[in-house]
>>> print(open('run-v2.cif').read())   # mmCIF, C-alpha atoms
data_protein
#
loop_
_atom_site.group_PDB
_atom_site.id
_atom_site.type_symbol
_atom_site.label_atom_id
_atom_site.label_comp_id
_atom_site.auth_asym_id
_atom_site.auth_seq_id
_atom_site.Cartn_x
_atom_site.Cartn_y
_atom_site.Cartn_z
ATOM 1 C CA LYS A 1 -5.186 13.924 15.231
ATOM 2 C CA GLN A 2 -7.095 10.695 15.857
ATOM 3 C CA GLU A 3 -5.275 8.070 17.894
ATOM 4 C CA VAL A 4 -6.537 4.535 18.408
ATOM 5 C CA THR A 5 -5.308 2.329 21.240
ATOM 6 C CA GLN A 6 -5.986 -1.344 21.778
ATOM 7 C CA ILE A 7 -5.631 -3.126 25.070
ATOM 8 C CA PRO A 8 -4.299 -5.660 25.780
ATOM 9 C CA ALA A 9 -1.500 -5.955 23.228
ATOM 10 C CA ALA A 10 -1.569 -9.725 23.607
ATOM 11 C CA LEU A 11 -3.893 -12.218 25.213
ATOM 12 C CA SER A 12 -3.573 -15.955 25.748
ATOM 13 C CA VAL A 13 -6.605 -17.929 26.928
ATOM 14 C CA PRO A 14 -7.726 -21.541 27.130
ATOM 15 C CA GLU A 15 -10.352 -22.753 24.719
ATOM 16 C CA GLY A 16 -13.933 -22.059 25.764
ATOM 17 C CA GLU A 17 -13.329 -18.791 27.569
ATOM 18 C CA ASN A 18 -15.341 -15.679 26.866
ATOM 19 C CA LEU A 19 -13.107 -12.700 26.271
ATOM 20 C CA VAL A 20 -13.165 -8.970 25.692
ATOM 21 C CA LEU A 21 -10.865 -6.899 23.519
ATOM 22 C CA ASN A 22 -10.753 -3.163 24.052
ATOM 23 C CA CYS A 23 -10.348 -0.277 21.655
ATOM 24 C CA SER A 24 -10.258 3.416 22.550
ATOM 25 C CA PHE A 25 -10.053 6.476 20.325
ATOM 26 C CA THR A 26 -9.247 10.081 21.151
ATOM 27 C CA ASP A 27 -11.614 11.927 18.789
ATOM 28 C CA SER A 28 -15.262 10.988 19.258
ATOM 29 C CA ALA A 29 -16.228 12.534 15.901
ATOM 30 C CA ILE A 30 -16.294 9.221 14.080
ATOM 31 C CA TYR A 31 -18.510 8.017 11.227
ATOM 32 C CA ASN A 32 -18.176 4.358 12.095
ATOM 33 C CA LEU A 33 -15.823 1.803 13.619
ATOM 34 C CA GLN A 34 -14.774 -1.484 12.118
ATOM 35 C CA TRP A 35 -13.242 -4.598 13.679
ATOM 36 C CA PHE A 36 -10.937 -6.823 11.656
ATOM 37 C CA ARG A 37 -8.946 -9.977 12.184
ATOM 38 C CA GLN A 38 -5.639 -10.689 10.536
ATOM 39 C CA ASP A 39 -4.038 -14.089 10.262
ATOM 40 C CA PRO A 40 -0.239 -14.267 9.932
ATOM 41 C CA GLY A 41 0.939 -13.144 6.510
ATOM 42 C CA LYS A 42 -2.581 -12.451 5.321
ATOM 43 C CA GLY A 43 -4.797 -9.471 4.708
ATOM 44 C CA LEU A 44 -7.516 -8.148 6.970
ATOM 45 C CA THR A 45 -10.890 -9.821 7.272
ATOM 46 C CA SER A 46 -13.783 -7.564 8.207
ATOM 47 C CA LEU A 47 -15.661 -8.820 11.265
ATOM 48 C CA LEU A 48 -18.101 -6.110 12.270
ATOM 49 C CA LEU A 49 -18.909 -2.535 11.316
ATOM 50 C CA ILE A 50 -20.691 -0.280 13.797
ATOM 51 C CA GLN A 51 -22.152 2.994 12.600
ATOM 52 C CA SER A 52 -21.773 5.964 14.969
ATOM 53 C CA SER A 53 -25.529 5.907 15.666
ATOM 54 C CA GLN A 54 -25.451 2.261 16.756
ATOM 55 C CA ARG A 55 -24.595 0.806 20.150
ATOM 56 C CA GLU A 56 -23.692 -2.702 19.105
ATOM 57 C CA GLN A 57 -23.460 -5.244 16.330
ATOM 58 C CA THR A 58 -23.493 -9.021 16.508
ATOM 59 C CA SER A 59 -22.272 -11.747 14.219
ATOM 60 C CA GLY A 60 -22.300 -15.305 15.486
ATOM 61 C CA ARG A 61 -20.086 -15.532 18.561
ATOM 62 C CA LEU A 62 -18.884 -11.957 18.115
ATOM 63 C CA ASN A 63 -20.457 -8.872 19.614
ATOM 64 C CA ALA A 64 -19.047 -5.386 19.260
ATOM 65 C CA SER A 65 -20.228 -2.405 21.252
ATOM 66 C CA LEU A 66 -19.604 1.275 20.741
ATOM 67 C CA ASP A 67 -19.711 4.162 23.208
ATOM 68 C CA LYS A 68 -18.859 7.113 21.034
ATOM 69 C CA SER A 69 -19.046 9.724 23.779
ATOM 70 C CA SER A 70 -16.410 7.972 25.869
ATOM 71 C CA GLY A 71 -14.346 6.954 22.856
ATOM 72 C CA ARG A 72 -14.537 3.222 23.435
ATOM 73 C CA SER A 73 -15.436 0.029 21.672
ATOM 74 C CA THR A 74 -15.234 -3.552 22.858
ATOM 75 C CA LEU A 75 -15.205 -6.797 20.927
ATOM 76 C CA TYR A 76 -16.667 -9.692 22.862
ATOM 77 C CA ILE A 77 -15.842 -13.220 21.724
ATOM 78 C CA ALA A 78 -17.939 -15.974 23.240
ATOM 79 C CA ALA A 79 -16.752 -19.532 23.752
ATOM 80 C CA SER A 80 -13.346 -18.951 22.173
ATOM 81 C CA GLN A 81 -11.831 -21.602 19.889
ATOM 82 C CA PRO A 82 -8.258 -22.225 18.677
ATOM 83 C CA GLY A 83 -9.377 -21.025 15.241
ATOM 84 C CA ASP A 84 -10.003 -17.590 16.758
ATOM 85 C CA SER A 85 -6.243 -17.154 17.211
ATOM 86 C CA ALA A 86 -5.254 -14.096 15.181
ATOM 87 C CA THR A 87 -4.513 -10.407 15.520
ATOM 88 C CA TYR A 88 -7.610 -8.298 16.051
ATOM 89 C CA LEU A 89 -7.609 -4.714 14.838
ATOM 90 C CA CYS A 90 -10.064 -1.901 15.306
ATOM 91 C CA ALA A 91 -10.216 1.085 13.004
ATOM 92 C CA VAL A 92 -12.211 4.312 12.956
ATOM 93 C CA ARG A 93 -13.488 6.295 10.019
ATOM 94 C CA PRO A 94 -13.766 10.074 10.539
ATOM 95 C CA VAL A 95 -17.198 11.705 10.596
ATOM 96 C CA LEU A 96 -16.480 14.044 7.723
ATOM 97 C CA PRO A 97 -14.273 11.787 5.654
ATOM 98 C CA ALA A 98 -11.324 14.059 5.015
ATOM 99 C CA SER A 99 -10.615 14.776 1.420
ATOM 100 C CA ASN A 100 -7.765 16.909 0.257
ATOM 101 C CA ALA A 101 -8.424 16.425 -3.420
ATOM 102 C CA GLY A 102 -12.123 17.163 -3.878
ATOM 103 C CA GLY A 103 -14.960 14.729 -3.288
ATOM 104 C CA THR A 104 -15.554 12.581 -0.233
ATOM 105 C CA SER A 105 -12.949 10.187 1.011
ATOM 106 C CA TYR A 106 -14.275 6.812 2.183
ATOM 107 C CA GLY A 107 -11.126 4.787 2.503
ATOM 108 C CA LYS A 108 -9.014 6.447 5.157
ATOM 109 C CA LEU A 109 -9.223 4.601 8.443
ATOM 110 C CA THR A 110 -7.097 5.073 11.545
ATOM 111 C CA PHE A 111 -6.024 1.744 13.002
ATOM 112 C CA GLY A 112 -5.001 0.589 16.434
ATOM 113 C CA GLN A 113 -1.892 -1.556 16.863
ATOM 114 C CA GLY A 114 -3.966 -4.674 17.396
ATOM 115 C CA THR A 115 -4.425 -7.372 20.021
ATOM 116 C CA ILE A 116 -2.669 -10.679 19.369
ATOM 117 C CA LEU A 117 -5.015 -13.415 20.557
ATOM 118 C CA THR A 118 -3.919 -16.977 21.202
ATOM 119 C CA VAL A 119 -6.520 -19.566 22.137
ATOM 120 C CA HIS A 120 -4.906 -22.822 23.229
ATOM 121 C CA PRO A 121 -6.685 -26.185 23.341
ATOM 122 C CA LYS D 1 -18.622 -12.287 -5.529
ATOM 123 C CA ALA D 2 -14.846 -12.208 -5.787
ATOM 124 C CA GLY D 3 -12.940 -10.363 -3.095
ATOM 125 C CA VAL D 4 -10.154 -7.834 -3.446
ATOM 126 C CA THR D 5 -7.307 -9.332 -5.471
ATOM 127 C CA GLN D 6 -3.711 -8.185 -5.213
ATOM 128 C CA THR D 7 -0.796 -9.229 -7.375
ATOM 129 C CA PRO D 8 1.894 -10.266 -6.974
ATOM 130 C CA ARG D 9 1.852 -11.845 -3.519
ATOM 131 C CA TYR D 10 5.586 -11.525 -3.004
ATOM 132 C CA LEU D 11 8.264 -9.282 -4.454
ATOM 133 C CA ILE D 12 11.978 -9.006 -3.815
ATOM 134 C CA LYS D 13 13.691 -5.894 -5.122
ATOM 135 C CA THR D 14 17.017 -4.161 -4.732
ATOM 136 C CA ARG D 15 17.548 -0.684 -3.346
ATOM 137 C CA GLY D 16 17.128 1.961 -6.026
ATOM 138 C CA GLN D 17 14.774 -0.084 -8.174
ATOM 139 C CA GLN D 18 11.125 0.673 -8.683
ATOM 140 C CA VAL D 19 8.092 -1.556 -8.240
ATOM 141 C CA THR D 20 4.455 -1.643 -9.322
ATOM 142 C CA LEU D 21 1.738 -3.390 -7.340
ATOM 143 C CA SER D 22 -1.712 -4.158 -8.669
ATOM 144 C CA CYS D 23 -5.145 -4.330 -7.060
ATOM 145 C CA SER D 24 -8.543 -5.364 -8.392
ATOM 146 C CA PRO D 25 -11.395 -4.229 -6.117
ATOM 147 C CA ILE D 26 -14.670 -5.975 -5.441
ATOM 148 C CA SER D 27 -16.986 -5.588 -8.402
ATOM 149 C CA GLY D 28 -18.957 -2.364 -8.107
ATOM 150 C CA HIS D 29 -16.565 -0.711 -5.653
ATOM 151 C CA ARG D 30 -15.139 2.506 -6.999
ATOM 152 C CA SER D 31 -13.137 3.484 -3.917
ATOM 153 C CA VAL D 32 -9.722 1.839 -3.687
ATOM 154 C CA SER D 33 -7.284 2.592 -0.866
ATOM 155 C CA TRP D 34 -3.729 1.513 -0.210
ATOM 156 C CA TYR D 35 -2.076 0.888 3.145
ATOM 157 C CA GLN D 36 1.420 0.034 4.263
ATOM 158 C CA GLN D 37 1.819 -2.349 7.192
ATOM 159 C CA THR D 38 5.080 -2.696 9.125
ATOM 160 C CA PRO D 39 5.788 -4.180 12.562
ATOM 161 C CA GLY D 40 6.923 -0.829 13.917
ATOM 162 C CA GLN D 41 4.348 1.550 12.458
ATOM 163 C CA GLY D 42 1.353 -0.718 12.038
ATOM 164 C CA LEU D 43 -1.141 0.120 9.310
ATOM 165 C CA GLN D 44 -0.632 3.480 7.637
ATOM 166 C CA PHE D 45 -2.814 5.016 4.953
ATOM 167 C CA LEU D 46 -1.072 5.749 1.654
ATOM 168 C CA PHE D 47 -3.778 7.066 -0.656
ATOM 169 C CA GLU D 48 -7.283 6.557 -1.962
ATOM 170 C CA TYR D 49 -8.675 6.655 -5.471
ATOM 171 C CA PHE D 50 -12.267 7.024 -6.554
ATOM 172 C CA SER D 51 -13.369 7.000 -10.179
ATOM 173 C CA GLU D 52 -9.790 7.483 -11.377
ATOM 174 C CA THR D 53 -9.213 10.525 -9.122
ATOM 175 C CA GLN D 54 -7.048 10.632 -6.035
ATOM 176 C CA ARG D 55 -9.387 11.502 -3.161
ATOM 177 C CA ASN D 56 -6.961 11.436 -0.278
ATOM 178 C CA LYS D 57 -3.284 11.030 0.447
ATOM 179 C CA GLY D 58 -1.331 10.062 3.543
ATOM 180 C CA ASN D 59 2.032 11.317 4.746
ATOM 181 C CA PHE D 60 4.354 9.433 2.457
ATOM 182 C CA PRO D 61 7.089 10.812 0.196
ATOM 183 C CA GLY D 62 6.467 11.464 -3.458
ATOM 184 C CA ARG D 63 8.234 8.206 -4.343
ATOM 185 C CA PHE D 64 4.910 6.544 -3.562
ATOM 186 C CA SER D 65 2.314 7.099 -6.239
ATOM 187 C CA GLY D 66 -0.772 5.432 -7.570
ATOM 188 C CA ARG D 67 -3.413 5.492 -10.213
ATOM 189 C CA GLN D 68 -6.786 4.020 -10.947
ATOM 190 C CA PHE D 69 -8.182 2.840 -14.244
ATOM 191 C CA SER D 70 -11.667 3.169 -15.661
ATOM 192 C CA ASN D 71 -12.506 -0.394 -14.524
ATOM 193 C CA SER D 72 -11.559 0.641 -10.935
ATOM 194 C CA ARG D 73 -8.424 -1.498 -10.907
ATOM 195 C CA SER D 74 -5.594 0.332 -9.208
ATOM 196 C CA GLU D 75 -1.827 0.276 -9.212
ATOM 197 C CA MET D 76 0.662 1.738 -6.836
ATOM 198 C CA ASN D 77 4.242 2.485 -7.719
ATOM 199 C CA VAL D 78 7.251 2.980 -5.503
ATOM 200 C CA SER D 79 10.333 4.457 -7.113
ATOM 201 C CA THR D 80 13.917 4.514 -5.851
ATOM 202 C CA LEU D 81 13.245 1.789 -3.316
ATOM 203 C CA GLU D 82 14.770 2.040 0.147
ATOM 204 C CA LEU D 83 15.290 -0.689 2.727
ATOM 205 C CA GLY D 84 12.589 0.902 4.866
ATOM 206 C CA ASP D 85 10.018 0.310 2.143
ATOM 207 C CA SER D 86 9.999 -3.380 3.020
ATOM 208 C CA ALA D 87 6.450 -4.001 4.184
ATOM 209 C CA LEU D 88 3.128 -5.640 3.508
ATOM 210 C CA TYR D 89 1.155 -3.438 1.114
ATOM 211 C CA LEU D 90 -2.572 -3.831 1.428
ATOM 212 C CA CYS D 91 -5.276 -2.706 -0.910
ATOM 213 C CA ALA D 92 -8.868 -2.172 0.186
ATOM 214 C CA SER D 93 -12.099 -1.302 -1.540
ATOM 215 C CA THR D 94 -15.451 -0.023 -0.381
ATOM 216 C CA LEU D 95 -18.780 1.071 -1.755
ATOM 217 C CA GLU D 96 -19.244 4.245 0.282
ATOM 218 C CA GLY D 97 -18.846 5.774 3.744
ATOM 219 C CA SER D 98 -21.272 3.595 5.659
ATOM 220 C CA SER D 99 -19.953 0.394 4.095
ATOM 221 C CA PRO D 100 -17.137 -1.759 5.419
ATOM 222 C CA LEU D 101 -13.663 -1.671 3.968
ATOM 223 C CA HIS D 102 -12.627 -4.976 2.392
ATOM 224 C CA PHE D 103 -8.960 -5.859 2.128
ATOM 225 C CA GLY D 104 -6.946 -8.053 -0.170
ATOM 226 C CA ASN D 105 -4.252 -10.474 1.006
ATOM 227 C CA GLY D 106 -1.531 -7.971 0.314
ATOM 228 C CA THR D 107 1.789 -7.879 -1.484
ATOM 229 C CA ARG D 108 4.845 -8.621 0.634
ATOM 230 C CA LEU D 109 7.670 -6.386 -0.613
ATOM 231 C CA THR D 110 11.219 -7.076 0.498
ATOM 232 C CA VAL D 111 13.930 -4.584 -0.429
ATOM 233 C CA THR D 112 17.527 -5.828 -0.168
#
>>> encode(input="run-v2.cif", output="structure tokens")
Amino acid sequence: KQEVTQIPAALSVPEGENLVLNCSFTDSAIYNLQWFRQDPGKGLTSLLLIQSSQREQTSGRLNASLDKSSGRSTLYIAASQPGDSATYLCAVRPVLPASNAGGTSYGKLTFGQGTILTVHP
Amino acid sequence: KAGVTQTPRYLIKTRGQQVTLSCSPISGHRSVSWYQQTPGQGLQFLFEYFSETQRNKGNFPGRFSGRQFSNSRSEMNVSTLELGDSALYLCASTLEGSSPLHFGNGTRLTVT
């Protein structure tokens, strides 16, 4: 059974710092890994998707890396801003998307518990 | 392109009642999944529908059910509500396996 762990559970930093959020997973047989952010009371916003064959993905100040063999991914946020304050979640999609009803399942992800990030001015 | 839309945003129900939540996926997405989010358990997969067929199901009791219509819109139903069903219910849609999952803003269900 896939388990996803995120460290640290919470992080508080001053504005302008570069920071790293960690995600580890127990089963390296993944199809891809996705990072999300969630603002209080809201849904999840997709940040980056890394396919299992990729090593990293970048979007603006965000960079996500993936080391499938060691079961780890990191999300790097450069020059943090107060607007980055949110909960960050990583989720993995299995390599053979499990389907128990025929056809291929695309929508089942296993999530970590998240890292609550606070960036103070 | 419009995102994933969920209605209603908030619901308050009494134990024993039933509830129906609605989700409209991104145009062109045929895969719709539902998740339950609680402070204690985090995000847990409920089920997934693709072209009106249930493709996958999580470990939830039979009181939780869903369906998908020919226009890919989906509904989930919870019968005989319990206090523990209070949660944020999130709907997500995707194009296929190598595409990202996109989530709606959720429906906050409170059972009293």
>>> residues_around(input="run-v2.cif", residues="Arg15 (chain D)", least_positions_apart="5", cutoff="12 Å", atoms="only C-alpha atoms", output="VMD selection string")
chain D and resid 78 to 86 109 to 112
>>> closest_atom_pairs(input="run-v2.cif", of="chain D", to="chain A", cutoff="10 Å", atoms="all atoms listed in the file", output="JSON lines")
{"residue": "D:Val4", "atom": "CA", "partner": "A:Gly43", "partner_atom": "CA", "distance": 9.9}
{"residue": "D:Arg9", "atom": "CA", "partner": "A:Lys42", "partner_atom": "CA", "distance": 9.9}
{"residue": "D:Ser31", "atom": "CA", "partner": "A:Gly107", "partner_atom": "CA", "distance": 6.9}
{"residue": "D:Val32", "atom": "CA", "partner": "A:Gly107", "partner_atom": "CA", "distance": 7.0}
{"residue": "D:Ser33", "atom": "CA", "partner": "A:Gly107", "partner_atom": "CA", "distance": 5.6}
{"residue": "D:Trp34", "atom": "CA", "partner": "A:Gly107", "partner_atom": "CA", "distance": 8.5}
{"residue": "D:Tyr35", "atom": "CA", "partner": "A:Lys108", "partner_atom": "CA", "distance": 9.1}
{"residue": "D:Pro39", "atom": "CA", "partner": "A:Gln113", "partner_atom": "CA", "distance": 9.2}
{"residue": "D:Gly40", "atom": "CA", "partner": "A:Gln113", "partner_atom": "CA", "distance": 9.3}
{"residue": "D:Gln41", "atom": "CA", "partner": "A:Gln113", "partner_atom": "CA", "distance": 8.2}
{"residue": "D:Gly42", "atom": "CA", "partner": "A:Gln113", "partner_atom": "CA", "distance": 5.9}
{"residue": "D:Leu43", "atom": "CA", "partner": "A:Phe111", "partner_atom": "CA", "distance": 6.3}
{"residue": "D:Gln44", "atom": "CA", "partner": "A:Thr110", "partner_atom": "CA", "distance": 7.7}
{"residue": "D:Phe45", "atom": "CA", "partner": "A:Lys108", "partner_atom": "CA", "distance": 6.4}
{"residue": "D:Leu46", "atom": "CA", "partner": "A:Lys108", "partner_atom": "CA", "distance": 8.7}
{"residue": "D:Phe47", "atom": "CA", "partner": "A:Lys108", "partner_atom": "CA", "distance": 7.8}
{"residue": "D:Glu48", "atom": "CA", "partner": "A:Gly107", "partner_atom": "CA", "distance": 6.2}
{"residue": "D:Tyr49", "atom": "CA", "partner": "A:Ser105", "partner_atom": "CA", "distance": 8.5}
{"residue": "D:Phe50", "atom": "CA", "partner": "A:Ser105", "partner_atom": "CA", "distance": 8.2}
{"residue": "D:Thr53", "atom": "CA", "partner": "A:Ala101", "partner_atom": "CA", "distance": 8.2}
{"residue": "D:Gln54", "atom": "CA", "partner": "A:Ala101", "partner_atom": "CA", "distance": 6.5}
{"residue": "D:Arg55", "atom": "CA", "partner": "A:Ala101", "partner_atom": "CA", "distance": 5.0}
{"residue": "D:Asn56", "atom": "CA", "partner": "A:Ser99", "partner_atom": "CA", "distance": 5.2}
{"residue": "D:Lys57", "atom": "CA", "partner": "A:Asn100", "partner_atom": "CA", "distance": 7.4}
{"residue": "D:Gly58", "atom": "CA", "partner": "A:Lys108", "partner_atom": "CA", "distance": 8.6}
{"residue": "D:Leu88", "atom": "CA", "partner": "A:Gly41", "partner_atom": "CA", "distance": 8.4}
{"residue": "D:Tyr89", "atom": "CA", "partner": "A:Gly43", "partner_atom": "CA", "distance": 9.2}
{"residue": "D:Leu90", "atom": "CA", "partner": "A:Gly43", "partner_atom": "CA", "distance": 6.9}
{"residue": "D:Cys91", "atom": "CA", "partner": "A:Gly43", "partner_atom": "CA", "distance": 8.8}
{"residue": "D:Ala92", "atom": "CA", "partner": "A:Gly107", "partner_atom": "CA", "distance": 7.7}
{"residue": "D:Ser93", "atom": "CA", "partner": "A:Gly107", "partner_atom": "CA", "distance": 7.4}
{"residue": "D:Thr94", "atom": "CA", "partner": "A:Gly107", "partner_atom": "CA", "distance": 7.1}
{"residue": "D:Leu95", "atom": "CA", "partner": "A:Tyr106", "partner_atom": "CA", "distance": 8.3}
{"residue": "D:Glu96", "atom": "CA", "partner": "A:Tyr106", "partner_atom": "CA", "distance": 5.9}
{"residue": "D:Gly97", "atom": "CA", "partner": "A:Tyr106", "partner_atom": "CA", "distance": 4.9}
{"residue": "D:Ser98", "atom": "CA", "partner": "A:Gln51", "partner_atom": "CA", "distance": 7.0}
{"residue": "D:Ser99", "atom": "CA", "partner": "A:Leu49", "partner_atom": "CA", "distance": 7.9}
{"residue": "D:Pro100", "atom": "CA", "partner": "A:Leu49", "partner_atom": "CA", "distance": 6.2}
{"residue": "D:Leu101", "atom": "CA", "partner": "A:Gly107", "partner_atom": "CA", "distance": 7.1}
{"residue": "D:His102", "atom": "CA", "partner": "A:Ser46", "partner_atom": "CA", "distance": 6.5}
{"residue": "D:Phe103", "atom": "CA", "partner": "A:Leu44", "partner_atom": "CA", "distance": 5.5}
{"residue": "D:Gly104", "atom": "CA", "partner": "A:Gly43", "partner_atom": "CA", "distance": 5.5}
{"residue": "D:Asn105", "atom": "CA", "partner": "A:Gly43", "partner_atom": "CA", "distance": 3.9}
{"residue": "D:Gly106", "atom": "CA", "partner": "A:Gly43", "partner_atom": "CA", "distance": 5.7}
{"residue": "D:Thr107", "atom": "CA", "partner": "A:Gly43", "partner_atom": "CA", "distance": 9.2}
{"residue": "D:Arg108", "atom": "CA", "partner": "A:Gly41", "partner_atom": "CA", "distance": 8.4}
>>> resolve_selection(input="run-v2.cif", expression="the PyMOL selection byres ((chain A and resi 74) around 9)", output="PDB file with C-alpha atoms, keeping the file's coordinate frame")
ATOM      1  CA  VAL A  20     -13.165  -8.970  25.692  1.00  0.00           C
ATOM      2  CA  LEU A  21     -10.865  -6.899  23.519  1.00  0.00           C
ATOM      3  CA  ASN A  22     -10.753  -3.163  24.052  1.00  0.00           C
ATOM      4  CA  CYS A  23     -10.348  -0.277  21.655  1.00  0.00           C
ATOM      5  CA  SER A  24     -10.258   3.416  22.550  1.00  0.00           C
ATOM      6  CA  ASN A  63     -20.457  -8.872  19.614  1.00  0.00           C
ATOM      7  CA  ALA A  64     -19.047  -5.386  19.260  1.00  0.00           C
ATOM      8  CA  SER A  65     -20.228  -2.405  21.252  1.00  0.00           C
ATOM      9  CA  LEU A  66     -19.604   1.275  20.741  1.00  0.00           C
ATOM     10  CA  ASP A  67     -19.711   4.162  23.208  1.00  0.00           C
ATOM     11  CA  ARG A  72     -14.537   3.222  23.435  1.00  0.00           C
ATOM     12  CA  SER A  73     -15.436   0.029  21.672  1.00  0.00           C
ATOM     13  CA  LEU A  75     -15.205  -6.797  20.927  1.00  0.00           C
ATOM     14  CA  TYR A  76     -16.667  -9.692  22.862  1.00  0.00           C
TER      15      TYR A  76
END
>>> resolve_selection(input="run-v2.cif", expression="the PyMOL selection byres ((chain D and resi 71-73) around 6)", output="PyMOL selection string")
chain D and resi 23-24+30+68-70+74
>>> atom_distance(input="run-v2.cif", atom1="CA of His120 (chain A)", atom2="CA of Leu19 (chain A)")
13.4 Å
>>> atom_distance(input="run-v2.cif", atom1="CA of Cys90 (chain A)", atom2="CA of Met76 (chain D)")
24.9 Å
>>> closest_residue(input="run-v2.cif", among="A:Ile7, A:Ile116, A:Ala29, A:Val13", to="Ser80 (chain A)", atoms="only C-alpha atoms")
A:Val13
